[in-house]
Amino acid sequence: MKNDDIASILEEIGMLLELKGENPFKVRAYENAARAIQALTEPVERLLIEKRLSAVKGIGESIQKKIEELVTTGRLAYYEELKSSIPPGLVEMLNIPGLGPKKVKALYEKLGVDSIDKLEAVCTSGKVANLDGFGEKTQIKILQGIAFRRQYASKHLLIAAQAVAHPIYSKLKQHPDVIQCSLAGSVRRWKEIIGDIDFLVSSKKPLKVIEFFTKLDSVQNIIARGETKAAVILQGGIQADLRVITESEYPFALAYFTGSKEHNIVMRQRAIDRGLRLNEYGLFKSTEETRDPALLLPCSSEEDIYSKLGLCYIPPELREDRGEFDAAEKGKIPELIDEKALKGSLHNHSNWSDGADDLMSIAMHMAKLGLQYWAITDHSKSSPQANGLDSDKLKKQFIEIKLINEKLKAKGFEFELLTGVEVDILPGGKLDIEDEVLAMADVVVASLHSGFSQDEKEITNRIISAVKNPFVHILGHPTGRLLLEREPYKVDIKAVIDACSETGTWIELNAHPSRLDLDWRYWSYAKSKCVKCVINCDAHNLNHVEFLRLGAGIARKGWLTAADVINTQPLSKLKKLLKSKRS
DNA sequence: GCCGTTTTCGGCCCGACTGTTTTCAGTCG
């Protein structure tokens with residue numbers, strides 16, 4: 001059992017206890033324990049064997065015993081009993097915005113609502129508005145929440161799809177009957193939201209490959225199994241499709257199944273314009289539908305196909321018909337950023353606010369990974385839920401960071417923690433830390449954490465007045481979206497980019513898998529306005545350093561090169577840039 | 001249920017917002 005599995009069970013126990021009306025502090029104990037497990041950098045199993053689990057903060061006697069039972073038997077009686085005492089639909093109802101444990105409980109007890117479908121029915125019939133504590137607006141909000149959920153019902157975060165896809169890809173690649181193999185579809189294109197995962201394989205023995213694929217451990221059930229393709233549902237509920245084709249078809253099929261649909265339409269039109277025909281089986285010297293090998297224009301790679309259609313190679317991330325054909329015709333496809341170019345992250349948290357780790361552990365971890373810098377930008381006081389810091393605490397933290405840097409230097413590390421703060425932009429547009437303290441920080445990130453219901457003009461002006469503050473370097477997660485959970489707040493993002501352009505403020509590409517914000521679709525506009533990007537982990541524990549990889553992928557999708565991204569700069573240059581922003 | 005400790009039980013995150021009320025409960029960040 002993996003750490004993430006254990007954490008999600010603890011989290012679910014927390015939710016179930018909440019629904020039962022248990023002591024809220026008990027609920028939080030489970031939530032804290034789940035977070036503590038997620039933040040671990042080694043497997044729980046090892047901690048258990050070495051009797052070090054009880055030393056983890058947030059895990060006491062009772063939860064430790066439960067984890068032990070889970071790890072040794074794969075089950076937990078307490079959890080199963082709890083689960084059977086509560087209708088499964090209630091937990092799901094908690095995910096609807098505006099519905100918490102009290103309201104869910106009331107709906108269940110008074111109207112017998114124990115599923116999303118029943119909830120929708122009682123809302124539509126107007127019964128909910130008549131309940132005590134509910135009303136017309138709540139009823140509408142619930143219906144909107146249900147519609148939103150339904151829209152994304154079979155969608156998954158990119159990181160979740162990658163996590164299941166990459167191990168399967170490795171196994172396919174090693175299979176003796178597999179000649180070539182690739183991920184295709186939206187995973188290969190680095191879309192932030194994924195419907196299903198597509199694998200493509202060339203082989204002389206397709207049946208053997210298909211059998212191997214459908215019998216993988218991670219396959220939950222098989223939807224279809226034919227001679228050239230199979231579809232399965234993987235653990236976690238993601239659908240995966242496998243296509244097996246011949247070696248000569250491989251480049252054409254790869255291009256076709258990578259998409260996007262919009263990109264493919266233009267590709268096929270370009271073929272027609274040249275008296276050719278393009279489909280997943282080949283590029284043919286014909287204007288008719290054909291698969292005749294005699295008419296095939298042989299291509300050994302995707303590069304060949306693009307070249308025969310008068311284009312230089314277009315990386316999968318850019319295949320969205322958003323300007324890539326123009327650029328490829330002129331040979332002006334940019335050299336996209338590589339994750340290895342990133343030297344650190346400028347927006348991260350420590351246990352001074354809502355992060356899991358102390359400053360020294362963070363510094364050592366990042367230094368050993370070979371990064372050059374890591375900014376600590378804990379929350380400010382207007383985020384009490386995140387244990388935000390006031391000016392006095394911030395100043396104390398700056399002093400401690402200085403001491404840590406001296407120690408690191410003495411040990412010979414070429415690495416620095418940078419001081420900083422993620423300062424809240426208040427509803428009026430003011431920042432909740434005074435300028436003279438902001439001026440002491442190496443890095444200032446300004447973000448919105450409240451007042452999301454303001455109208456577009458108010459929020460836009462609020463953000464613009466924040467980026468006009470000369471001490472602010474970076475605008476954090478500019479739209480506030482949480483993928484598959486929450487829509488962005490209403491904001492005129494182009495006006496915000498214009499303001500950043502005028503003030504020289506950088507915009508964050510928040511690489512947290514649920515954010516990936518600013519959206520890749522806006523980066524070319526930002527680039528045209530000379531606004532620089534910073535790819536930030538928004539790390540809350542040591543494992544979150546992995547988000548740099550995700551951020552770099554999304555930056556590529558936004559057409560960004562290393563030169564467009566501030567945190568590709570080495571420490572000395574970065575320090576100069578941070579200073580010059582304020583002069 | 002965890003933590004800390006003036007060691008055996010009290011405190012644990014809290015302010016804003018929303019929609020419901022008519023003074024506040026529930027939810028959210």
# chains A, B, ... in the order shown; residues from 1 in each chain; ligands from 1
>>> closest_atom_pairs(of="chain A", to="chain B", cutoff="7 Å", atoms="only C-alpha atoms (C1' of nucleotides)", output="JSON lines")
{"residue": "A:Phe25", "atom": "CA", "partner": "B:DC12", "partner_atom": "C1'", "distance": 6.7}
{"residue": "A:Lys26", "atom": "CA", "partner": "B:DG1", "partner_atom": "C1'", "distance": 4.8}
{"residue": "A:Ala29", "atom": "CA", "partner": "B:DG1", "partner_atom": "C1'", "distance": 5.4}
{"residue": "A:Gly58", "atom": "CA", "partner": "B:DC2", "partner_atom": "C1'", "distance": 6.1}
{"residue": "A:Gly60", "atom": "CA", "partner": "B:DC2", "partner_atom": "C1'", "distance": 6.0}
{"residue": "A:Gly98", "atom": "CA", "partner": "B:DT27", "partner_atom": "C1'", "distance": 6.2}
{"residue": "A:Gly100", "atom": "CA", "partner": "B:DT27", "partner_atom": "C1'", "distance": 6.4}
{"residue": "A:Gly133", "atom": "CA", "partner": "B:DT20", "partner_atom": "C1'", "distance": 6.0}
{"residue": "A:Phe134", "atom": "CA", "partner": "B:DT20", "partner_atom": "C1'", "distance": 6.9}
{"residue": "A:Pro384", "atom": "CA", "partner": "B:DC14", "partner_atom": "C1'", "distance": 6.0}
{"residue": "A:Gln385", "atom": "CA", "partner": "B:DC13", "partner_atom": "C1'", "distance": 5.5}
{"residue": "A:His449", "atom": "CA", "partner": "B:DG29", "partner_atom": "C1'", "distance": 6.5}
{"residue": "A:Ser450", "atom": "CA", "partner": "B:DG29", "partner_atom": "C1'", "distance": 6.7}
>>> residues_around(residues="A:Ala33", least_positions_apart="3", cutoff="6 Å", atoms="only C-alpha atoms (C1' of nucleotides)", output="mmCIF file with N, CA, C and O atoms, in the first residue's frame")
data_model
loop_
_atom_site.group_PDB
_atom_site.id
_atom_site.type_symbol
_atom_site.label_atom_id
_atom_site.label_comp_id
_atom_site.auth_asym_id
_atom_site.auth_seq_id
_atom_site.Cartn_x
_atom_site.Cartn_y
_atom_site.Cartn_z
ATOM 1 N N TYR A 30 -7.538 13.575 11.670
ATOM 2 C CA TYR A 30 -7.390 12.665 10.529
ATOM 3 C C TYR A 30 -6.894 13.404 9.290
ATOM 4 O O TYR A 30 -6.055 12.906 8.540
ATOM 5 N N ALA A 36 0.219 14.689 6.699
ATOM 6 C CA ALA A 36 1.556 14.298 7.165
ATOM 7 C C ALA A 36 2.085 13.123 6.347
ATOM 8 O O ALA A 36 3.252 13.078 5.977
ATOM 9 N N GLY A 58 1.651 14.601 14.010
ATOM 10 C CA GLY A 58 0.294 14.448 13.483
ATOM 11 C C GLY A 58 -0.176 13.006 13.527
ATOM 12 O O GLY A 58 -1.350 12.713 13.310
ATOM 13 N N ILE A 59 0.758 12.081 13.801
ATOM 14 C CA ILE A 59 0.383 10.664 13.907
ATOM 15 C C ILE A 59 0.598 10.204 15.343
ATOM 16 O O ILE A 59 1.731 10.118 15.819
#
>>> select_by_dssp(residues="stretch 337-535 of chain A", states="alpha helix (DSSP H)", output="PyMOL selection string")
chain A and resi 359-368+391-410+435-438+456-467+493-503+523-528
>>> residues_around(residues="A:Leu94", least_positions_apart="6", cutoff="10 Å", atoms="only C-alpha atoms (C1' of nucleotides)", output="PyMOL selection string")
chain A and resi 15+19+100-105
>>> residues_around(residues="A:Val44", least_positions_apart="2", cutoff="9 Å", atoms="only C-alpha atoms (C1' of nucleotides)", output="PyMOL selection string")
chain A and resi 1-3+6+37+40+42+46-49+53+67+71
>>> write_last_selection(atoms="C-alpha atoms", output="compact mmCIF listing (two decimals), in the first residue's frame")
# COMPACT_ATOMS: atom_id res chain seq x y z
CA MET A 1 0.00 0.00 0.00
CA LYS A 2 1.45 3.33 -1.10
CA ASN A 3 1.62 6.49 1.00
CA ILE A 6 -3.04 5.49 3.05
CA ILE A 37 1.61 11.01 5.24
CA LEU A 40 6.65 11.96 3.73
CA GLU A 42 9.97 7.74 2.30
CA ARG A 46 9.81 1.48 6.05
CA LEU A 47 8.94 3.92 8.86
CA LEU A 48 6.77 1.23 10.43
CA ILE A 49 9.46 -1.45 10.27
CA LEU A 53 6.20 6.36 12.37
CA ILE A 67 -1.98 2.56 9.61
CA VAL A 71 -0.16 -1.84 5.82
>>> atom_distance(atom1="atom CA of A:Ser203", atom2="atom CA of A:Asp217")
21.7 Å
>>> atom_distance(atom1="atom CA of A:Val187", atom2="atom CA of A:Glu508")
22.9 Å
>>> residues_around(residues="A:Leu408", least_positions_apart="6", cutoff="9 Å", atoms="only C-alpha atoms (C1' of nucleotides)", output="ChimeraX atom specification")
/A:363-364,367,414-416
>>> residues_around(residues="A:Ile474", least_positions_apart="6", cutoff="7 Å", atoms="only C-alpha atoms (C1' of nucleotides)", output="ChimeraX atom specification")
/A:444-446,505-508
>>> write_last_selection(atoms="N, CA, C and O atoms", output="PDB file, in the first residue's frame")
ATOM      1  N   VAL A 444       8.631  38.956  -3.473  1.00  0.00           N
ATOM      2  CA  VAL A 444       7.252  39.168  -3.030  1.00  0.00           C
ATOM      3  C   VAL A 444       6.286  38.660  -4.108  1.00  0.00           C
ATOM      4  O   VAL A 444       6.333  39.102  -5.253  1.00  0.00           O
ATOM      5  N   VAL A 445       5.447  37.704  -3.698  1.00  0.00           N
ATOM      6  CA  VAL A 445       4.385  37.194  -4.567  1.00  0.00           C
ATOM      7  C   VAL A 445       3.074  37.755  -4.030  1.00  0.00           C
ATOM      8  O   VAL A 445       2.824  37.658  -2.827  1.00  0.00           O
ATOM      9  N   ALA A 446       2.259  38.336  -4.885  1.00  0.00           N
ATOM     10  CA  ALA A 446       0.958  38.844  -4.430  1.00  0.00           C
ATOM     11  C   ALA A 446      -0.147  37.978  -5.016  1.00  0.00           C
ATOM     12  O   ALA A 446      -0.163  37.713  -6.220  1.00  0.00           O
ATOM     13  N   THR A 505       6.032  43.632 -13.856  1.00  0.00           N
ATOM     14  CA  THR A 505       5.732  42.558 -12.896  1.00  0.00           C
ATOM     15  C   THR A 505       5.713  41.217 -13.632  1.00  0.00           C
ATOM     16  O   THR A 505       5.196  41.125 -14.742  1.00  0.00           O
ATOM     17  N   TRP A 506       6.272  40.190 -12.993  1.00  0.00           N
ATOM     18  CA  TRP A 506       6.270  38.869 -13.599  1.00  0.00           C
ATOM     19  C   TRP A 506       4.975  38.142 -13.253  1.00  0.00           C
ATOM     20  O   TRP A 506       4.353  38.419 -12.221  1.00  0.00           O
ATOM     21  N   ILE A 507       4.578  37.223 -14.117  1.00  0.00           N
ATOM     22  CA  ILE A 507       3.371  36.444 -13.828  1.00  0.00           C
ATOM     23  C   ILE A 507       3.770  35.003 -13.545  1.00  0.00           C
ATOM     24  O   ILE A 507       4.630  34.437 -14.219  1.00  0.00           O
ATOM     25  N   GLU A 508       3.130  34.452 -12.543  1.00  0.00           N
ATOM     26  CA  GLU A 508       3.440  33.091 -12.153  1.00  0.00           C
ATOM     27  C   GLU A 508       2.754  32.085 -13.073  1.00  0.00           C
ATOM     28  O   GLU A 508       1.606  32.285 -13.477  1.00  0.00           O
TER      29      GLU A 508
END
>>> residues_around(residues="stretch 396-405 of chain A", least_positions_apart="2", cutoff="9 Å", atoms="only C-alpha atoms (C1' of nucleotides)", output="list in words")
Trp352, Leu359, Met360, Ala363, Ile376, Ser391, Asp392, Lys393, Leu394, Lys407, Leu408, Lys409, Ala410, Phe415, Glu416, Leu417, Leu418, Thr419, Gly420, Met440 and Ala441 of chain A
